[in-house]
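> Contents of work19.pdb (PDB, C-alpha atoms) are below:
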```
ATOM      1  CA  MET I   1       3.709   3.120   9.656
ATOM      2  CA  LYS I   2       0.437   1.182   9.815
ATOM      3  CA  ILE I   3       0.117  -2.489   8.900
ATOM      4  CA  LEU I   4      -3.188  -4.220   8.158
ATOM      5  CA  HIS I   5      -2.987  -7.917   9.059
ATOM      6  CA  LEU I   6      -5.799  -9.966   7.519
ATOM      7  CA  LEU I   7      -6.272 -13.563   8.661
ATOM      8  CA  ALA I   8      -8.474 -15.852   6.579
ATOM      9  CA  SER I   9      -8.096 -19.221   8.309
ATOM     10  CA  PRO I  10     -10.969 -20.987  10.110
ATOM     11  CA  ARG I  11      -8.362 -22.302  12.578
ATOM     12  CA  GLN I  12      -7.505 -18.691  13.387
ATOM     13  CA  GLU I  13      -4.465 -18.351  15.688
ATOM     14  CA  ALA I  14      -3.919 -22.122  15.743
ATOM     15  CA  SER I  15      -3.344 -22.116  11.996
ATOM     16  CA  ASN I  16      -0.232 -22.220   9.863
ATOM     17  CA  ALA I  17      -1.597 -19.178   8.020
ATOM     18  CA  TRP I  18      -1.446 -17.263  11.308
ATOM     19  CA  TRP I  19       2.080 -18.470  12.042
ATOM     20  CA  LEU I  20       3.367 -17.581   8.578
ATOM     21  CA  SER I  21       1.701 -14.184   8.364
ATOM     22  CA  ARG I  22       2.913 -13.351  11.895
ATOM     23  CA  GLN I  23       6.479 -14.073  10.756
ATOM     24  CA  ILE I  24       6.079 -11.327   8.182
ATOM     25  CA  VAL I  25       4.376  -8.916  10.586
ATOM     26  CA  GLU I  26       7.110  -9.419  13.175
ATOM     27  CA  ARG I  27       9.857  -8.732  10.645
ATOM     28  CA  LEU I  28       8.091  -5.607   9.465
ATOM     29  CA  GLY I  29       7.806  -4.559  13.109
ATOM     30  CA  ALA I  30      11.537  -5.073  13.589
ATOM     31  CA  GLN I  31      12.183  -2.714  10.697
ATOM     32  CA  HIS I  32       9.607  -0.205  11.909
ATOM     33  CA  PRO I  33       9.455  -0.381  15.735
ATOM     34  CA  GLN I  34       6.737   2.277  15.947
ATOM     35  CA  ALA I  35       4.479   0.463  13.511
ATOM     36  CA  LYS I  36       0.829   0.018  14.477
ATOM     37  CA  VAL I  37      -0.686  -3.340  13.522
ATOM     38  CA  ILE I  38      -4.411  -3.540  12.770
ATOM     39  CA  LEU I  39      -5.546  -7.161  12.963
ATOM     40  CA  ARG I  40      -8.706  -8.207  11.176
ATOM     41  CA  ASP I  41      -9.568 -11.861  11.671
ATOM     42  CA  LEU I  42     -12.048 -12.387   8.851
ATOM     43  CA  TYR I  43     -13.685 -15.343  10.605
ATOM     44  CA  ALA I  44     -13.908 -13.732  14.048
ATOM     45  CA  SER I  45     -15.198 -10.443  12.663
ATOM     46  CA  GLY I  46     -17.886 -12.163  10.615
ATOM     47  CA  ILE I  47     -17.405 -10.538   7.212
ATOM     48  CA  ALA I  48     -20.874 -10.665   5.650
ATOM     49  CA  HIS I  49     -21.387 -11.332   1.979
ATOM     50  CA  ILE I  50     -22.622  -8.419  -0.085
ATOM     51  CA  ASP I  51     -26.400  -8.046  -0.040
ATOM     52  CA  SER I  52     -29.000  -7.055  -2.609
ATOM     53  CA  ALA I  53     -28.825  -3.354  -1.690
ATOM     54  CA  TYR I  54     -25.076  -3.399  -2.355
ATOM     55  CA  ALA I  55     -25.567  -5.189  -5.662
ATOM     56  CA  ASP I  56     -28.350  -2.836  -6.768
ATOM     57  CA  ALA I  57     -26.343   0.265  -5.883
ATOM     58  CA  LEU I  58     -23.184  -0.860  -7.632
ATOM     59  CA  GLY I  59     -25.065  -2.210 -10.628
ATOM     60  CA  SER I  60     -26.564   1.196 -11.312
ATOM     61  CA  PRO I  61     -24.896   3.778 -13.579
ATOM     62  CA  VAL I  62     -25.978   6.445 -11.052
ATOM     63  CA  ALA I  63     -23.409   7.453  -8.445
ATOM     64  CA  LEU I  64     -24.151   6.152  -4.952
ATOM     65  CA  GLU I  65     -24.455   9.631  -3.474
ATOM     66  CA  ASP I  66     -27.280  10.325  -5.948
ATOM     67  CA  ARG I  67     -29.295   7.282  -4.890
ATOM     68  CA  ASP I  68     -31.599   6.729  -1.944
ATOM     69  CA  THR I  69     -29.950   3.523  -0.750
ATOM     70  CA  GLY I  70     -31.303   3.616   2.803
ATOM     71  CA  PRO I  71     -29.535   3.745   6.156
ATOM     72  CA  GLY I  72     -26.540   1.480   6.673
ATOM     73  CA  THR I  73     -26.242   0.367   3.029
ATOM     74  CA  LEU I  74     -22.592  -0.270   2.131
ATOM     75  CA  ALA I  75     -21.505   0.658   5.663
ATOM     76  CA  LEU I  76     -19.314  -2.435   6.027
ATOM     77  CA  SER I  77     -17.761  -1.841   2.632
ATOM     78  CA  ASP I  78     -17.031   1.766   3.600
ATOM     79  CA  ARG I  79     -15.325   0.687   6.837
ATOM     80  CA  LEU I  80     -13.187  -1.971   5.148
ATOM     81  CA  ILE I  81     -12.088   0.378   2.378
ATOM     82  CA  GLU I  82     -11.253   3.156   4.846
ATOM     83  CA  GLU I  83      -9.260   0.675   6.917
ATOM     84  CA  LEU I  84      -7.318  -0.351   3.820
ATOM     85  CA  GLU I  85      -6.710   3.245   2.763
ATOM     86  CA  GLN I  86      -5.180   4.138   6.139
ATOM     87  CA  VAL I  87      -2.375   1.565   6.106
ATOM     88  CA  ASP I  88       1.081   1.512   4.529
ATOM     89  CA  GLN I  89       1.476  -2.259   4.167
ATOM     90  CA  VAL I  90      -0.920  -5.208   4.098
ATOM     91  CA  VAL I  91      -0.235  -8.764   5.276
ATOM     92  CA  ILE I  92      -2.704 -11.477   4.275
ATOM     93  CA  GLY I  93      -2.533 -14.889   5.932
ATOM     94  CA  THR I  94      -4.631 -17.401   4.021
ATOM     95  CA  PRO I  95      -4.958 -21.113   3.365
ATOM     96  CA  MET I  96      -5.708 -22.382  -0.110
ATOM     97  CA  HIS I  97      -9.250 -23.777  -0.163
ATOM     98  CA  ASN I  98     -10.181 -25.865  -3.184
ATOM     99  CA  TYR I  99      -7.405 -24.294  -5.265
ATOM    100  CA  THR I 100      -8.365 -20.684  -4.456
ATOM    101  CA  VAL I 101      -9.103 -18.216  -1.649
ATOM    102  CA  PRO I 102     -11.399 -19.041   1.305
ATOM    103  CA  SER I 103     -14.907 -17.597   1.096
ATOM    104  CA  VAL I 104     -14.250 -15.068   3.890
ATOM    105  CA  LEU I 105     -11.329 -13.589   1.956
ATOM    106  CA  LYS I 106     -13.474 -13.498  -1.193
ATOM    107  CA  ALA I 107     -16.137 -11.642   0.814
ATOM    108  CA  TRP I 108     -13.553  -9.057   1.927
ATOM    109  CA  ILE I 109     -12.431  -8.624  -1.672
ATOM    110  CA  ASP I 110     -16.032  -8.164  -2.817
ATOM    111  CA  HIS I 111     -16.377  -5.298  -0.335
ATOM    112  CA  VAL I 112     -13.146  -3.487  -1.176
ATOM    113  CA  VAL I 113     -13.182  -3.929  -4.965
ATOM    114  CA  ARG I 114     -15.932  -1.399  -5.576
ATOM    115  CA  VAL I 115     -16.715   0.581  -8.690
ATOM    116  CA  ARG I 116     -16.505   4.385  -8.385
ATOM    117  CA  ARG I 117     -14.903   3.982  -4.961
ATOM    118  CA  THR I 118     -11.712   1.911  -5.347
ATOM    119  CA  PHE I 119     -11.662   1.602  -9.126
ATOM    120  CA  ALA I 120     -13.004   3.562 -12.080
ATOM    121  CA  ILE I 121     -14.260   2.348 -15.424
ATOM    122  CA  THR I 122     -12.529   4.158 -18.274
ATOM    123  CA  PRO I 123     -12.506   3.735 -22.063
ATOM    124  CA  ASP I 124      -9.333   1.688 -21.586
ATOM    125  CA  GLY I 125     -10.793  -0.564 -18.888
ATOM    126  CA  LYS I 126     -10.776  -0.565 -15.087
ATOM    127  CA  THR I 127      -8.318   1.728 -13.317
ATOM    128  CA  GLY I 128      -7.422   1.414  -9.639
ATOM    129  CA  LEU I 129      -8.014   4.443  -7.413
ATOM    130  CA  LEU I 130      -6.016   3.363  -4.340
ATOM    131  CA  ARG I 131      -2.391   4.186  -3.642
ATOM    132  CA  ASP I 132      -0.145   1.202  -4.311
ATOM    133  CA  ARG I 133       1.682  -0.318  -1.328
ATOM    134  CA  PRO I 134       3.304  -3.672  -0.478
ATOM    135  CA  VAL I 135       0.851  -6.524   0.018
ATOM    136  CA  HIS I 136       2.492  -9.578   1.601
ATOM    137  CA  VAL I 137       0.464 -12.737   0.928
ATOM    138  CA  ALA I 138       1.255 -15.709   3.187
ATOM    139  CA  VAL I 139      -0.257 -18.820   1.597
ATOM    140  CA  VAL I 140      -0.433 -22.255   3.226
ATOM    141  CA  SER I 141      -1.591 -25.400   1.465
ATOM    142  CA  GLY I 142      -2.025 -29.068   2.288
ATOM    143  CA  GLY I 143      -0.881 -30.034  -1.209
ATOM    144  CA  ARG I 144       1.823 -28.684  -3.478
ATOM    145  CA  PHE I 145       1.061 -26.198  -6.229
ATOM    146  CA  THR I 146       4.528 -24.865  -7.132
ATOM    147  CA  GLY I 147       7.658 -26.435  -8.568
ATOM    148  CA  ALA I 148       8.299 -29.811 -10.152
ATOM    149  CA  SER I 149       6.334 -31.683  -7.470
ATOM    150  CA  ALA I 150       3.138 -29.639  -7.924
ATOM    151  CA  ARG I 151       0.079 -31.874  -8.072
ATOM    152  CA  GLN I 152      -2.745 -29.339  -7.949
ATOM    153  CA  PRO I 153      -3.731 -26.166  -9.803
ATOM    154  CA  ASP I 154      -3.365 -22.676  -8.353
ATOM    155  CA  PHE I 155      -6.205 -20.214  -8.909
ATOM    156  CA  LEU I 156      -5.410 -18.277  -5.713
ATOM    157  CA  THR I 157      -2.262 -16.483  -6.863
ATOM    158  CA  PRO I 158      -3.501 -15.248 -10.271
ATOM    159  CA  TYR I 159      -6.884 -14.293  -8.810
ATOM    160  CA  LEU I 160      -5.373 -12.128  -6.062
ATOM    161  CA  LYS I 161      -3.018 -10.477  -8.533
ATOM    162  CA  VAL I 162      -5.886  -9.477 -10.821
ATOM    163  CA  ALA I 163      -8.424  -8.569  -8.106
ATOM    164  CA  LEU I 164      -6.056  -6.376  -6.101
ATOM    165  CA  ALA I 165      -4.510  -4.791  -9.200
ATOM    166  CA  THR I 166      -8.027  -3.678 -10.127
ATOM    167  CA  ILE I 167      -8.018  -1.278  -7.159
ATOM    168  CA  GLY I 168      -4.399  -0.183  -7.588
ATOM    169  CA  LEU I 169      -2.508  -2.728  -5.487
ATOM    170  CA  HIS I 170       0.178  -4.171  -7.759
ATOM    171  CA  ASP I 171       3.068  -4.780  -5.349
ATOM    172  CA  LEU I 172       2.171  -8.321  -4.205
ATOM    173  CA  ARG I 173       4.810 -10.482  -2.495
ATOM    174  CA  PHE I 174       3.919 -14.158  -2.004
ATOM    175  CA  THR I 175       5.403 -16.438   0.653
ATOM    176  CA  VAL I 176       4.271 -20.058   0.482
ATOM    177  CA  MET I 177       4.216 -23.069   2.808
ATOM    178  CA  GLU I 178       2.919 -26.169   1.039
ATOM    179  CA  GLY I 179       2.662 -29.919   1.343
ATOM    180  CA  LEU I 180       1.520 -29.502   4.956
ATOM    181  CA  ALA I 181      -0.959 -32.386   4.797
ATOM    182  CA  ALA I 182       2.038 -34.755   4.909
ATOM    183  CA  GLY I 183       2.155 -34.346   8.686
ATOM    184  CA  ALA I 184       3.856 -32.617  11.600
ATOM    185  CA  GLN I 185       7.385 -33.136  10.310
ATOM    186  CA  ALA I 186       6.457 -31.584   6.980
ATOM    187  CA  VAL I 187       5.073 -28.558   8.828
ATOM    188  CA  ARG I 188       8.277 -28.233  10.866
ATOM    189  CA  ASN I 189      10.400 -28.520   7.736
ATOM    190  CA  GLU I 190       8.396 -25.859   5.938
ATOM    191  CA  ARG I 191       8.545 -23.508   8.909
ATOM    192  CA  GLU I 192      12.312 -23.852   9.082
ATOM    193  CA  ARG I 193      12.682 -23.312   5.348
ATOM    194  CA  VAL I 194      10.429 -20.279   5.175
ATOM    195  CA  ALA I 195      12.021 -18.643   8.238
ATOM    196  CA  VAL I 196      15.391 -18.725   6.472
ATOM    197  CA  GLU I 197      13.822 -17.433   3.259
ATOM    198  CA  LEU I 198      12.132 -14.516   5.029
ATOM    199  CA  ASP I 199      15.298 -13.595   6.912
ATOM    200  CA  ARG I 200      17.167 -13.458   3.619
ATOM    201  CA  GLN I 201      14.501 -11.363   1.906
ATOM    202  CA  PHE I 202      14.133  -8.907   4.766
ATOM    203  CA  SER I 203      17.894  -8.545   5.157
ATOM    204  CA  ARG I 204      17.959  -7.283   1.571
ATOM    205  CA  GLY I 205      15.385  -4.611   2.378
ATOM    206  CA  TRP I 206      12.797  -6.470   0.280
ATOM    207  CA  PRO I 207       9.645  -5.070   1.952
ATOM    208  CA  ARG I 208      10.637  -1.397   2.002
TER     209      ARG I 208
END
```
Re-express the file's structure as structure tokens.


Amino acid sequence: MKILHLLASPRQEASNAWWLSRQIVERLGAQHPQAKVILRDLYASGIAHIDSAYADALGSPVALEDRDTGPGTLALSDRLIEELEQVDQVVIGTPMHNYTVPSVLKAWIDHVVRVRRTFAITPDGKTGLLRDRPVHVAVVSGGRFTGASARQPDFLTPYLKVALATIGLHDLRFTVMEGLAAGAQAVRNERERVAVELDRQFSRGWPR
């Protein structure tokens, strides 16, 4: 068992996204004591945005192996895709930034959602080429975007569902902490609530 833990918070290990995603990783580890966790802090590792060579290569109808793209082109994309291919479960810890994903998580997605490598274009549309596996998405937000008290839109959840489904990852499981901008007590309340929720879900064998 290998678990890829992606962290997309600028506050890194001081963040609620780290705390929430670690709750999931720890429960997965309890179920699979021999599991290896691969941590990729998207801020610390400095995920670069795609460059012009990447764009030119992917925008061409010619397969990459048939093009002279120069040394090192797409090397980061190759590493990130290989890392994703090697794991059995993925845990993403992310805040909601301006109603959607942070730019570092978008950069990671741009590298792993890659034509002719992780998805194919067919007469019926795009088809994912990766093996499906559970993707646990831990989302934290200062405001509320679910339920009757929601006061802001949510472009993060539908975007991740569509983007990851493009490469074959359909089994997304969202855990949310929201309303955290209300202060320390709100954070404590949400942590208590979500801990109970996760215990209940994992006791049912939810992530298997």

> Kindly provide, as a ChimeraX atom specification, the polymer residues lying within 12 Å of (-2.8, -21.2, 10.2), counting only C-alpha atoms and using the coordinates exactly as they appear in the file.

/I:6-23,41,92-96,138-142,177-178,180,187,191

> Which of these residues is nearest to Ala57 (chain I), using only C-alpha atoms: I:Val37, I:Leu74, I:Ala165, I:Leu28?

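Result for the nearest residue to Ala57 (chain I): I:Leu74.
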
> If we count all atoms listed in the file and set the cut-off at 8 Å, which residues sit around region 143-154 of chain I, ignoring sequence neighbours fewer than 3 positions away in its own chain? Please answer as a list in words.

Tyr99, Thr100, Thr157, Pro158, Glu178, Gly179, Leu180 and Ala181 of chain I

> Counting only C-alpha atoms, figure out which residue out of I:Asp110, I:Glu190, I:Glu197, I:Asp88 gets nearest to Met1 (chain I).

I:Asp88

> Using Å and a single decimal, report how far CA of Leu42 (chain I) sits from CA of His136 (chain I).

16.5 Å

> Could you jot down the CA of His49 (chain I) to CA of Lys106 (chain I) separation for me, Å, one decimal place?

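A separation of 8.8 Å between them.
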
> Would you mind reading off the distance between CA of Val112 (chain I) and CA of Phe202 (chain I), one decimal, in Å?

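Computing the Euclidean distance for CA of Val112 (chain I) and CA of Phe202 (chain I) yields 28.4 Å.
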
> Determine the nearest neighbour of Glu85 (chain I) from the options I:Val135, I:Ile50, I:Leu130, I:Ala163, counting all atoms listed in the file.

I:Leu130

> Which polymer residues have any atom within 12 Å of an atom of Leu76 (chain I), counting all atoms listed in the file, with same-chain residues fewer than 2 positions away left out, as a ChimeraX atom specification?

/I:45-51,54,71-74,78-83,107-108,110-112

> Please return the centre and edge lengths, in Å to one decimal, of a box with edges along x, y and z that contains all listed atoms of region 84-90 of chain I, widened by 6 Å on every side, as AutoDock Vina command-line options.


```
--center_x -2.9 --center_y -0.5 --center_z 4.5 --size_x 20.8 --size_y 21.3 --size_z 15.4
```

> Show which residues sit within 10 Å of Ile3 (chain I), as a list in words. Count all atoms listed in the file, and ignore same-chain residues fewer than 4 positions away.

Val25, Leu28, Gly29, Ala35, Lys36, Val37, Ile38, Leu39, Leu84, Gln86, Val87, Asp88, Gln89, Val90, Val91, Pro134 and Val135 of chain I

> Please write the residues from the selection above to a file, keeping C-alpha atoms, as a CSV table (one decimal), keeping the file's coordinate frame.


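Below is the file that was written, again.csv:
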```
chain,number,residue,atom,x,y,z
I,25,VAL,CA,4.4,-8.9,10.6
I,28,LEU,CA,8.1,-5.6,9.5
I,29,GLY,CA,7.8,-4.6,13.1
I,35,ALA,CA,4.5,0.5,13.5
I,36,LYS,CA,0.8,0.0,14.5
I,37,VAL,CA,-0.7,-3.3,13.5
I,38,ILE,CA,-4.4,-3.5,12.8
I,39,LEU,CA,-5.5,-7.2,13.0
I,84,LEU,CA,-7.3,-0.4,3.8
I,86,GLN,CA,-5.2,4.1,6.1
I,87,VAL,CA,-2.4,1.6,6.1
I,88,ASP,CA,1.1,1.5,4.5
I,89,GLN,CA,1.5,-2.3,4.2
I,90,VAL,CA,-0.9,-5.2,4.1
I,91,VAL,CA,-0.2,-8.8,5.3
I,134,PRO,CA,3.3,-3.7,-0.5
I,135,VAL,CA,0.9,-6.5,0.0
```

> Between I:Glu26, I:Asp124, I:Asp132, I:Glu192, which is the closest to Leu172 (chain I) once you count only C-alpha atoms?

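When distances to Leu172 (chain I) are compared using only C-alpha atoms, the smallest one comes from I:Asp132.
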
> Which one is closest to Val137 (chain I): I:Arg27, I:Lys161, I:His32, I:Arg193? Count all atoms listed in the file.

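Going through I:Arg27, I:Lys161, I:His32, I:Arg193 one by one, the smallest distance to Val137 (chain I) is for I:Lys161.
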